[in-house]
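Pasting data22.csv here (CSV, N, CA and C atoms):
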```
chain,number,residue,atom,x,y,z
G,1096,MET,N,26.9,-1.6,8.0
G,1096,MET,CA,25.6,-1.9,8.6
G,1096,MET,C,24.6,-0.8,8.2
G,1097,ILE,N,23.4,-1.2,7.8
G,1097,ILE,CA,22.4,-0.3,7.4
G,1097,ILE,C,21.5,0.0,8.6
G,1098,THR,N,21.2,1.3,8.8
G,1098,THR,CA,20.3,1.6,9.9
G,1098,THR,C,19.1,2.4,9.2
G,1099,LEU,N,18.0,2.3,9.9
G,1099,LEU,CA,16.8,2.9,9.4
G,1099,LEU,C,16.4,4.0,10.4
G,1100,GLU,N,16.2,5.2,9.9
G,1100,GLU,CA,15.8,6.3,10.8
G,1100,GLU,C,14.3,6.5,10.6
G,1101,LEU,N,13.6,6.6,11.6
G,1101,LEU,CA,12.2,6.9,11.5
G,1101,LEU,C,12.0,8.4,11.5
G,1102,MET,N,11.2,8.9,10.6
G,1102,MET,CA,11.0,10.3,10.5
G,1102,MET,C,9.6,10.6,11.0
G,1103,LYS,N,9.4,11.5,11.9
G,1103,LYS,CA,8.1,11.9,12.4
G,1103,LYS,C,7.6,13.0,11.5
G,1104,PRO,N,6.3,12.8,11.1
G,1104,PRO,CA,5.8,13.8,10.1
G,1104,PRO,C,5.6,15.2,10.8
G,1105,ASN,N,5.9,16.2,10.0
G,1105,ASN,CA,5.7,17.5,10.5
G,1105,ASN,C,4.2,17.9,10.5
G,1106,PRO,N,3.6,18.3,11.6
G,1106,PRO,CA,2.2,18.6,11.6
G,1106,PRO,C,1.8,19.7,10.6
G,1107,SER,N,2.7,20.6,10.3
G,1107,SER,CA,2.3,21.7,9.4
G,1107,SER,C,2.2,21.2,8.0
G,1108,ASP,N,2.9,20.1,7.6
G,1108,ASP,CA,2.8,19.5,6.3
G,1108,ASP,C,1.6,18.7,6.0
G,1109,ALA,N,1.0,18.2,7.1
G,1109,ALA,CA,-0.2,17.3,6.9
G,1109,ALA,C,-1.4,18.2,6.6
G,1110,PRO,N,-2.3,17.7,5.7
G,1110,PRO,CA,-3.5,18.4,5.4
G,1110,PRO,C,-4.4,18.4,6.6
G,1111,THR,N,-5.2,19.5,6.7
G,1111,THR,CA,-6.0,19.7,7.9
G,1111,THR,C,-7.2,18.7,7.9
G,1112,GLN,N,-7.8,18.6,6.7
G,1112,GLN,CA,-9.0,17.7,6.6
G,1112,GLN,C,-9.1,17.2,5.2
G,1113,ALA,N,-9.2,15.9,5.0
G,1113,ALA,CA,-9.3,15.3,3.6
G,1113,ALA,C,-10.7,15.5,3.1
G,1114,PRO,N,-10.9,15.8,1.9
G,1114,PRO,CA,-12.2,15.9,1.3
G,1114,PRO,C,-12.9,14.6,1.3
G,1115,ALA,N,-14.2,14.6,1.8
G,1115,ALA,CA,-14.9,13.4,1.8
G,1115,ALA,C,-15.6,13.1,0.5
G,1116,PRO,N,-15.6,11.8,0.0
G,1116,PRO,CA,-16.3,11.5,-1.2
G,1116,PRO,C,-17.8,11.6,-1.0
G,1117,THR,N,-18.5,11.9,-2.1
G,1117,THR,CA,-19.9,12.0,-2.0
G,1117,THR,C,-20.5,10.6,-2.2
G,1118,ASP,N,-21.8,10.5,-2.3
G,1118,ASP,CA,-22.5,9.2,-2.4
G,1118,ASP,C,-22.2,8.6,-3.8
G,1119,SER,N,-22.0,9.4,-4.8
G,1119,SER,CA,-21.8,8.8,-6.1
G,1119,SER,C,-20.4,8.4,-6.4
G,1120,GLY,N,-19.5,8.5,-5.4
G,1120,GLY,CA,-18.1,8.0,-5.6
G,1120,GLY,C,-17.2,9.2,-6.1
G,1121,VAL,N,-17.8,10.3,-6.3
G,1121,VAL,CA,-17.0,11.4,-6.8
G,1121,VAL,C,-16.3,12.1,-5.6
G,1122,GLY,N,-15.0,12.3,-5.7
G,1122,GLY,CA,-14.2,12.8,-4.7
G,1122,GLY,C,-13.3,13.9,-5.2
G,1123,ALA,N,-12.4,14.4,-4.4
G,1123,ALA,CA,-11.5,15.4,-4.8
G,1123,ALA,C,-10.1,15.0,-4.4
G,1124,VAL,N,-9.1,15.1,-5.3
G,1124,VAL,CA,-7.7,14.9,-5.0
G,1124,VAL,C,-7.0,16.1,-5.3
G,1125,MET,N,-6.3,16.7,-4.3
G,1125,MET,CA,-5.5,17.9,-4.4
G,1125,MET,C,-6.4,19.0,-5.1
G,1126,GLY,N,-7.6,19.1,-4.7
G,1126,GLY,CA,-8.5,20.2,-5.2
G,1126,GLY,C,-9.2,19.8,-6.6
G,1127,TRP,N,-8.8,18.7,-7.2
G,1127,TRP,CA,-9.4,18.3,-8.5
G,1127,TRP,C,-10.5,17.4,-8.2
G,1128,ARG,N,-11.7,17.7,-8.8
G,1128,ARG,CA,-12.9,16.8,-8.7
G,1128,ARG,C,-12.7,15.6,-9.6
G,1129,LEU,N,-13.0,14.4,-9.1
G,1129,LEU,CA,-12.8,13.2,-9.9
G,1129,LEU,C,-14.2,12.7,-10.4
G,1130,PRO,N,-14.3,12.2,-11.6
G,1130,PRO,CA,-15.5,11.7,-12.1
G,1130,PRO,C,-15.8,10.3,-11.4
G,1131,GLY,N,-17.1,9.9,-11.4
G,1131,GLY,CA,-17.5,8.7,-10.8
G,1131,GLY,C,-17.0,7.5,-11.7
G,1132,GLU,N,-17.4,6.3,-11.3
G,1132,GLU,CA,-17.0,5.1,-12.0
G,1132,GLU,C,-17.7,5.1,-13.3
G,1133,ARG,N,-17.0,4.6,-14.3
G,1133,ARG,CA,-17.5,4.5,-15.7
G,1133,ARG,C,-16.8,3.3,-16.4
G,1134,LEU,N,-17.5,2.8,-17.4
G,1134,LEU,CA,-16.9,1.8,-18.2
G,1134,LEU,C,-16.0,2.4,-19.3
G,1135,THR,N,-14.7,2.0,-19.4
G,1135,THR,CA,-13.8,2.6,-20.3
G,1135,THR,C,-14.0,1.9,-21.7
G,1136,PRO,N,-13.4,2.5,-22.7
G,1136,PRO,CA,-13.5,1.9,-24.1
G,1136,PRO,C,-13.0,0.5,-24.1
G,1137,THR,N,-11.9,0.2,-23.3
G,1137,THR,CA,-11.4,-1.2,-23.3
G,1137,THR,C,-12.4,-2.1,-22.6
G,1138,GLY,N,-13.1,-1.6,-21.6
G,1138,GLY,CA,-14.1,-2.4,-21.0
G,1138,GLY,C,-15.3,-2.7,-21.9
G,1139,TRP,N,-15.7,-1.7,-22.7
G,1139,TRP,CA,-16.7,-2.0,-23.7
G,1139,TRP,C,-16.3,-3.0,-24.7
G,1140,ALA,N,-15.0,-3.0,-25.1
G,1140,ALA,CA,-14.5,-3.9,-26.1
G,1140,ALA,C,-14.5,-5.3,-25.5
G,1141,VAL,N,-14.1,-5.5,-24.2
G,1141,VAL,CA,-14.1,-6.8,-23.6
G,1141,VAL,C,-15.5,-7.3,-23.4
G,1142,LEU,N,-16.4,-6.4,-23.1
G,1142,LEU,CA,-17.8,-6.8,-22.9
G,1142,LEU,C,-18.4,-7.3,-24.3
G,1143,ALA,N,-18.0,-6.6,-25.4
G,1143,ALA,CA,-18.5,-7.1,-26.7
G,1143,ALA,C,-17.8,-8.4,-27.0
G,1144,ALA,N,-16.5,-8.6,-26.8
G,1144,ALA,CA,-15.8,-9.8,-27.1
G,1144,ALA,C,-16.3,-11.0,-26.3
G,1145,VAL,N,-16.7,-10.8,-25.1
G,1145,VAL,CA,-17.1,-11.9,-24.2
G,1145,VAL,C,-18.5,-12.2,-24.3
G,1146,PHE,N,-19.4,-11.3,-24.5
G,1146,PHE,CA,-20.8,-11.5,-24.5
G,1146,PHE,C,-21.5,-11.4,-25.9
G,1147,VAL,N,-21.2,-10.4,-26.6
G,1147,VAL,CA,-21.9,-10.2,-27.9
G,1147,VAL,C,-21.4,-11.1,-29.0
G,1148,LEU,N,-20.1,-11.2,-29.2
G,1148,LEU,CA,-19.6,-12.0,-30.3
G,1148,LEU,C,-20.0,-13.5,-30.2
G,1149,PRO,N,-19.9,-14.1,-29.0
G,1149,PRO,CA,-20.4,-15.5,-29.0
G,1149,PRO,C,-21.8,-15.7,-29.3
G,1150,VAL,N,-22.7,-14.8,-28.9
G,1150,VAL,CA,-24.1,-14.9,-29.3
G,1150,VAL,C,-24.3,-14.7,-30.8
G,1151,LEU,N,-23.6,-13.8,-31.4
G,1151,LEU,CA,-23.7,-13.7,-32.9
G,1151,LEU,C,-23.1,-14.9,-33.6
G,1152,GLY,N,-22.1,-15.5,-33.0
G,1152,GLY,CA,-21.5,-16.7,-33.6
G,1152,GLY,C,-22.5,-17.9,-33.5
G,1153,LEU,N,-23.1,-18.0,-32.4
G,1153,LEU,CA,-24.1,-19.1,-32.2
G,1153,LEU,C,-25.3,-18.9,-33.1
G,1154,GLY,N,-25.7,-17.7,-33.3
G,1154,GLY,CA,-26.8,-17.4,-34.3
G,1154,GLY,C,-26.4,-17.8,-35.7
G,1155,LEU,N,-25.2,-17.4,-36.1
G,1155,LEU,CA,-24.7,-17.8,-37.4
G,1155,LEU,C,-24.7,-19.3,-37.6
G,1156,LEU,N,-24.2,-20.0,-36.6
G,1156,LEU,CA,-24.2,-21.5,-36.7
G,1156,LEU,C,-25.6,-22.1,-36.8
G,1157,LEU,N,-26.5,-21.6,-36.0
G,1157,LEU,CA,-27.9,-22.1,-36.0
G,1157,LEU,C,-28.5,-21.8,-37.4
G,1158,ASP,N,-28.2,-20.6,-38.0
G,1158,ASP,CA,-28.8,-20.3,-39.3
G,1158,ASP,C,-28.2,-21.2,-40.3
G,1159,ALA,N,-26.9,-21.5,-40.3
G,1159,ALA,CA,-26.3,-22.4,-41.2
G,1159,ALA,C,-26.8,-23.8,-41.1
G,1160,LEU,N,-27.1,-24.2,-39.9
G,1160,LEU,CA,-27.7,-25.5,-39.7
G,1160,LEU,C,-29.1,-25.6,-40.2
G,1161,VAL,N,-29.9,-24.6,-40.0
G,1161,VAL,CA,-31.3,-24.6,-40.5
G,1161,VAL,C,-31.3,-24.5,-42.1
G,1162,GLN,N,-30.3,-23.7,-42.6
G,1162,GLN,CA,-30.3,-23.6,-44.1
G,1162,GLN,C,-29.8,-25.0,-44.7
G,1163,TRP,N,-28.9,-25.6,-44.0
G,1163,TRP,CA,-28.4,-26.9,-44.5
G,1163,TRP,C,-29.4,-28.0,-44.4
G,1164,VAL,N,-30.2,-28.1,-43.3
G,1164,VAL,CA,-31.2,-29.1,-43.1
G,1164,VAL,C,-32.5,-28.9,-43.9
G,1165,PHE,N,-33.0,-27.7,-43.8
G,1165,PHE,CA,-34.3,-27.4,-44.4
G,1165,PHE,C,-34.3,-26.6,-45.7
G,1166,GLY,N,-33.1,-26.0,-46.0
G,1166,GLY,CA,-33.0,-25.2,-47.2
G,1166,GLY,C,-33.6,-23.8,-47.0
G,1167,TRP,N,-34.0,-23.4,-45.8
G,1167,TRP,CA,-34.5,-22.0,-45.6
G,1167,TRP,C,-33.3,-21.1,-45.2
G,1168,CYS,N,-33.3,-19.9,-45.8
G,1168,CYS,CA,-32.3,-19.0,-45.4
G,1168,CYS,C,-33.0,-18.0,-44.5
G,1169,LEU,N,-32.5,-17.9,-43.3
G,1169,LEU,CA,-33.1,-17.0,-42.2
G,1169,LEU,C,-32.2,-15.8,-41.9
G,1170,GLY,N,-31.0,-15.8,-42.4
G,1170,GLY,CA,-30.0,-14.8,-42.0
G,1170,GLY,C,-30.3,-13.4,-42.7
G,1171,VAL,N,-29.7,-12.4,-42.2
G,1171,VAL,CA,-29.8,-11.0,-42.7
G,1171,VAL,C,-29.3,-11.0,-44.2
G,1172,TRP,N,-28.2,-11.7,-44.5
G,1172,TRP,CA,-27.6,-11.7,-45.8
G,1172,TRP,C,-28.6,-12.3,-46.9
G,1173,CYS,N,-29.7,-13.0,-46.5
G,1173,CYS,CA,-30.7,-13.5,-47.4
G,1173,CYS,C,-31.6,-12.4,-48.0
G,1174,TRP,N,-31.6,-11.2,-47.3
G,1174,TRP,CA,-32.4,-10.1,-47.8
G,1174,TRP,C,-31.8,-9.4,-49.0
G,1175,PHE,N,-30.6,-9.7,-49.3
G,1175,PHE,CA,-29.9,-8.9,-50.4
G,1175,PHE,C,-29.7,-9.8,-51.6
```

Let me see the structure of the file written as structure tokens.
Amino acid sequence: MITLELMKPNPSDAPTQAPAPTDSGVGAVMGWRLPGERLTPTGWAVLAAVFVLPVLGLGLLLDALVQWVFGWCLGVWCWF
């Protein structure tokens, strides 16, 4: 049979007061100051893949359609 013992915390082991985070979200953990929230490189990559690349793709398709229908080249590659 397995029994579970409850351990009471020792008051001397507990921190006296936890550091309060500031308004910007910066806090301290074990004396180390933490930076606020920020977008990581992976977040920037996801942002580009989800928002920027579809807009560029749509622009390419519209340019190809205009060039096919009217014969006008509107893309950046037409400058070269």

> Leaving out G:Gly1170 and any residue of its chain fewer than 6 positions from it, which residues lie within 8 Å of it when counting all atoms listed in the file, given as number ranges by chain?
Replying inline: G: 1154-1155, 1158-1159, 1162

> So how many Å separate atom C of G:Leu1153 and atom N of G:Leu1169, to one decimal?
Replying inline: 12.5 Å

> If you measure from atom CA of G:Cys1168 to atom CA of G:Val1150, what distance in Å do you get, rounded to one decimal?
Replying inline: 18.5 Å

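In this model, the gap between atom CA of G:Trp1127 and atom CA of G:Ala1140 comes to 28.8 Å.
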